[in-house]
$ cat entry-v6.pdb   # PDB, C-alpha atoms, pLDDT in the B column
ATOM      1  CA  MET A   1     111.537  73.337 114.393  1.00 58.00           C
ATOM      2  CA  LYS A   2     108.858  73.343 111.699  1.00 64.00           C
ATOM      3  CA  ASP A   3     108.887  77.147 111.422  1.00 74.00           C
ATOM      4  CA  GLY A   4     112.671  77.302 111.487  1.00 78.00           C
ATOM      5  CA  ILE A   5     115.242  79.045 113.669  1.00 80.00           C
ATOM      6  CA  ASP A   6     115.659  82.830 113.566  1.00 79.00           C
ATOM      7  CA  PHE A   7     119.275  83.960 113.376  1.00 81.00           C
ATOM      8  CA  LEU A   8     120.881  87.146 112.004  1.00 82.00           C
ATOM      9  CA  GLY A   9     117.933  88.179 109.851  1.00 82.00           C
ATOM     10  CA  PHE A  10     117.454  84.720 108.387  1.00 86.00           C
ATOM     11  CA  ARG A  11     115.087  81.876 109.142  1.00 87.00           C
ATOM     12  CA  ASN A  12     116.751  78.475 108.827  1.00 89.00           C
ATOM     13  CA  VAL A  13     114.198  75.814 107.921  1.00 87.00           C
ATOM     14  CA  LEU A  14     114.767  72.066 107.876  1.00 86.00           C
ATOM     15  CA  THR A  15     112.998  70.338 104.961  1.00 85.00           C
ATOM     16  CA  ASP A  16     111.600  66.813 104.943  1.00 86.00           C
ATOM     17  CA  SER A  17     114.670  65.575 103.104  1.00 90.00           C
ATOM     18  CA  GLY A  18     116.968  66.971 105.814  1.00 86.00           C
ATOM     19  CA  LYS A  19     118.231  69.924 103.802  1.00 88.00           C
ATOM     20  CA  VAL A  20     118.532  73.294 105.545  1.00 86.00           C
ATOM     21  CA  ILE A  21     117.102  76.249 103.618  1.00 86.00           C
ATOM     22  CA  ARG A  22     117.927  79.795 104.677  1.00 87.00           C
ATOM     23  CA  VAL A  23     115.336  82.470 103.846  1.00 85.00           C
ATOM     24  CA  LEU A  24     115.023  86.098 104.889  1.00 86.00           C
ATOM     25  CA  ARG A  25     112.799  86.899 107.844  1.00 88.00           C
ATOM     26  CA  ALA A  26     109.678  88.921 107.113  1.00 87.00           C
ATOM     27  CA  ALA A  27     111.036  91.813 109.196  1.00 90.00           C
ATOM     28  CA  ALA A  28     114.309  91.780 107.257  1.00 88.00           C
ATOM     29  CA  LYS A  29     112.385  91.851 103.968  1.00 88.00           C
ATOM     30  CA  ALA A  30     110.342  94.829 105.123  1.00 92.00           C
ATOM     31  CA  LYS A  31     113.459  96.674 106.284  1.00 91.00           C
ATOM     32  CA  LEU A  32     115.214  95.994 102.972  1.00 89.00           C
ATOM     33  CA  LYS A  33     112.196  97.193 101.005  1.00 90.00           C
ATOM     34  CA  HIS A  34     112.007 100.388 103.056  1.00 94.00           C
ATOM     35  CA  LYS A  35     115.727 101.128 102.612  1.00 91.00           C
ATOM     36  CA  LEU A  36     115.680 100.498  98.862  1.00 90.00           C
ATOM     37  CA  LYS A  37     112.640 102.733  98.490  1.00 91.00           C
ATOM     38  CA  TYR A  38     114.415 105.498 100.420  1.00 93.00           C
ATOM     39  CA  ILE A  39     117.590 105.137  98.336  1.00 91.00           C
ATOM     40  CA  SER A  40     115.447 105.291  95.200  1.00 91.00           C
ATOM     41  CA  LEU A  41     114.001 108.632  96.324  1.00 92.00           C
ATOM     42  CA  LEU A  42     117.487 109.963  97.054  1.00 92.00           C
ATOM     43  CA  LYS A  43     118.619 108.886  93.591  1.00 90.00           C
ATOM     44  CA  GLN A  44     115.628 110.533  91.887  1.00 91.00           C
ATOM     45  CA  ASN A  45     116.359 113.824  93.677  1.00 93.00           C
ATOM     46  CA  SER A  46     120.091 113.586  92.768  1.00 90.00           C
ATOM     47  CA  ILE A  47     121.122 113.625  96.431  1.00 93.00           C
ATOM     48  CA  VAL A  48     123.326 110.529  96.173  1.00 91.00           C
ATOM     49  CA  ASP A  49     125.795 109.632  93.461  1.00 90.00           C
ATOM     50  CA  LYS A  50     126.221 106.373  91.564  1.00 89.00           C
ATOM     51  CA  GLN A  51     129.156 105.255  93.746  1.00 93.00           C
ATOM     52  CA  TYR A  52     127.118 105.488  96.965  1.00 91.00           C
ATOM     53  CA  LEU A  53     124.248 103.651  95.301  1.00 90.00           C
ATOM     54  CA  ASN A  54     126.532 100.817  94.157  1.00 91.00           C
ATOM     55  CA  ILE A  55     128.072 100.459  97.625  1.00 93.00           C
ATOM     56  CA  ARG A  56     124.662 100.169  99.306  1.00 92.00           C
ATOM     57  CA  LEU A  57     123.307  97.740  96.726  1.00 89.00           C
ATOM     58  CA  ALA A  58     126.422  95.572  97.027  1.00 90.00           C
ATOM     59  CA  ALA A  59     125.972  95.411 100.811  1.00 90.00           C
ATOM     60  CA  PHE A  60     122.322  94.382 100.524  1.00 88.00           C
ATOM     61  CA  LYS A  61     123.123  91.822  97.850  1.00 87.00           C
ATOM     62  CA  ALA A  62     125.961  90.329  99.920  1.00 88.00           C
ATOM     63  CA  HIS A  63     123.612  89.809 102.869  1.00 85.00           C
ATOM     64  CA  ILE A  64     120.846  88.276 100.766  1.00 86.00           C
ATOM     65  CA  TYR A  65     123.252  86.178  98.670  1.00 85.00           C
ATOM     66  CA  ASN A  66     123.569  83.712 101.557  1.00 83.00           C
ATOM     67  CA  SER A  67     119.845  82.996 101.537  1.00 84.00           C
ATOM     68  CA  ASN A  68     117.305  81.460  99.231  1.00 82.00           C
ATOM     69  CA  SER A  69     115.720  84.905  98.612  1.00 85.00           C
ATOM     70  CA  LEU A  70     118.010  86.398  95.982  1.00 84.00           C
ATOM     71  CA  GLN A  71     115.168  86.749  93.471  1.00 89.00           C
ATOM     72  CA  TYR A  72     113.323  88.980  95.975  1.00 87.00           C
ATOM     73  CA  TYR A  73     116.278  91.389  95.921  1.00 87.00           C
ATOM     74  CA  PHE A  74     116.370  91.516  92.115  1.00 89.00           C
ATOM     75  CA  ASN A  75     112.620  92.166  91.977  1.00 90.00           C
ATOM     76  CA  LEU A  76     112.946  95.101  94.393  1.00 88.00           C
ATOM     77  CA  VAL A  77     115.886  96.610  92.486  1.00 88.00           C
ATOM     78  CA  LYS A  78     113.889  96.372  89.274  1.00 90.00           C
ATOM     79  CA  LYS A  79     110.751  97.793  90.928  1.00 89.00           C
ATOM     80  CA  TYR A  80     112.536 100.866  92.281  1.00 87.00           C
ATOM     81  CA  ASN A  81     114.640 101.310  89.104  1.00 86.00           C
ATOM     82  CA  LEU A  82     118.029 101.105  90.863  1.00 84.00           C
ATOM     83  CA  ASN A  83     119.928  99.429  88.007  1.00 74.00           C
TER      84      ASN A  83
END
$ encode --input "entry-v6.pdb" --output "structure tokens"
Amino acid sequence: MKDGIDFLGFRNVLTDSGKVIRVLRAAAKAKLKHKLKYISLLKQNSIVDKQYLNIRLAAFKAHIYNSNSLQYYFNLVKKYNLN
């Protein structure tokens, strides 16, 4: 229980105070990073339009929004210039 319970791309960890914290799994972080990097390349080559980009980013953000890793998402978006 110390390392948490894996479920749907999240790791649910119980703190000492009894609070449950939900963070992204390492594999989910790597997959997200890979997908955002790929979308960034498609954007640079003008293969995808702004609407497609916004739909994908909204889906990623919605998944991460339920965890304690939202700052990780914003850092990746900034890194790959997907604003």
$ resolve_selection --input "entry-v6.pdb" --expression "the PyMOL selection byres ((chain A and resi 57) around 10)" --output "ChimeraX atom specification"
/A:36,39,51-56,58-62,73,77,82-83
$ closest_residue --input "entry-v6.pdb" --among "A:Val13, A:Asn68, A:Gln44, A:Asp6" --to "Ala27 in chain A" --atoms "all atoms listed in the file"
A:Asp6
$ residues_around --input "entry-v6.pdb" --residues "Arg25 in chain A" --least-positions-apart "4" --cutoff "12 Å" --atoms "only C-alpha atoms" --output "list in words"
Asp3, Gly4, Ile5, Asp6, Phe7, Leu8, Gly9, Phe10, Arg11, Asn12, Val13, Lys29, Ala30, Lys31, Leu32, Ile64, Ser67, Asn68 and Ser69 of chain A
$ axis_aligned_box --input "entry-v6.pdb" --around "range 24-30 of chain A" --padding-each-side "5 Å" --output "lines of an AutoDock Vina configuration file"
center_x = 112.4
center_y = 90.5
center_z = 106.6
size_x = 15.3
size_y = 18.7
size_z = 15.2
$ closest_residue --input "entry-v6.pdb" --among "A:Ser46, A:Thr15, A:Tyr38, A:Val23" --to "Leu70 in chain A" --atoms "only C-alpha atoms"
A:Val23
$ atom_distance --input "entry-v6.pdb" --atom1 "CA of Ile21 in chain A" --atom2 "CA of Asn66 in chain A"
10.1 Å
$ atom_distance --input "entry-v6.pdb" --atom1 "CA of Leu14 in chain A" --atom2 "CA of Phe74 in chain A"
25.1 Å
$ atom_distance --input "entry-v6.pdb" --atom1 "CA of Ser40 in chain A" --atom2 "CA of Asn75 in chain A"
13.8 Å
$ decode --input "entry-v6.pdb" --residues "range 48-59 of chain A" --atoms "N, CA and C atoms" --output "PDB file, in the first residue's frame"
ATOM      1  N   VAL A  48      -1.346  19.148 -39.194  1.00  0.00           N
ATOM      2  CA  VAL A  48      -2.599  19.239 -38.436  1.00  0.00           C
ATOM      3  C   VAL A  48      -2.978  20.702 -38.266  1.00  0.00           C
ATOM      4  N   ASP A  49      -4.273  20.939 -38.119  1.00  0.00           N
ATOM      5  CA  ASP A  49      -4.746  22.304 -37.932  1.00  0.00           C
ATOM      6  C   ASP A  49      -4.938  22.604 -36.444  1.00  0.00           C
ATOM      7  N   LYS A  50      -5.269  23.836 -36.155  1.00  0.00           N
ATOM      8  CA  LYS A  50      -5.415  24.290 -34.768  1.00  0.00           C
ATOM      9  C   LYS A  50      -6.574  23.580 -34.052  1.00  0.00           C
ATOM     10  N   GLN A  51      -7.632  23.259 -34.774  1.00  0.00           N
ATOM     11  CA  GLN A  51      -8.789  22.590 -34.175  1.00  0.00           C
ATOM     12  C   GLN A  51      -8.407  21.197 -33.681  1.00  0.00           C
ATOM     13  N   TYR A  52      -7.691  20.438 -34.501  1.00  0.00           N
ATOM     14  CA  TYR A  52      -7.248  19.099 -34.102  1.00  0.00           C
ATOM     15  C   TYR A  52      -6.336  19.184 -32.878  1.00  0.00           C
ATOM     16  N   LEU A  53      -5.430  20.156 -32.908  1.00  0.00           N
ATOM     17  CA  LEU A  53      -4.504  20.340 -31.797  1.00  0.00           C
ATOM     18  C   LEU A  53      -5.255  20.636 -30.504  1.00  0.00           C
ATOM     19  N   ASN A  54      -6.247  21.515 -30.560  1.00  0.00           N
ATOM     20  CA  ASN A  54      -7.027  21.854 -29.369  1.00  0.00           C
ATOM     21  C   ASN A  54      -7.824  20.671 -28.842  1.00  0.00           C
ATOM     22  N   ILE A  55      -8.353  19.845 -29.732  1.00  0.00           N
ATOM     23  CA  ILE A  55      -9.109  18.663 -29.308  1.00  0.00           C
ATOM     24  C   ILE A  55      -8.204  17.685 -28.571  1.00  0.00           C
ATOM     25  N   ARG A  56      -7.023  17.425 -29.107  1.00  0.00           N
ATOM     26  CA  ARG A  56      -6.086  16.494 -28.474  1.00  0.00           C
ATOM     27  C   ARG A  56      -5.597  17.015 -27.127  1.00  0.00           C
ATOM     28  N   LEU A  57      -5.255  18.299 -27.085  1.00  0.00           N
ATOM     29  CA  LEU A  57      -4.779  18.876 -25.827  1.00  0.00           C
ATOM     30  C   LEU A  57      -5.867  18.869 -24.761  1.00  0.00           C
ATOM     31  N   ALA A  58      -7.109  19.109 -25.165  1.00  0.00           N
ATOM     32  CA  ALA A  58      -8.219  19.078 -24.208  1.00  0.00           C
ATOM     33  C   ALA A  58      -8.417  17.668 -23.647  1.00  0.00           C
ATOM     34  N   ALA A  59      -8.233  16.659 -24.478  1.00  0.00           N
ATOM     35  CA  ALA A  59      -8.376  15.272 -24.015  1.00  0.00           C
ATOM     36  C   ALA A  59      -7.280  14.913 -23.017  1.00  0.00           C
TER      37      ALA A  59
END
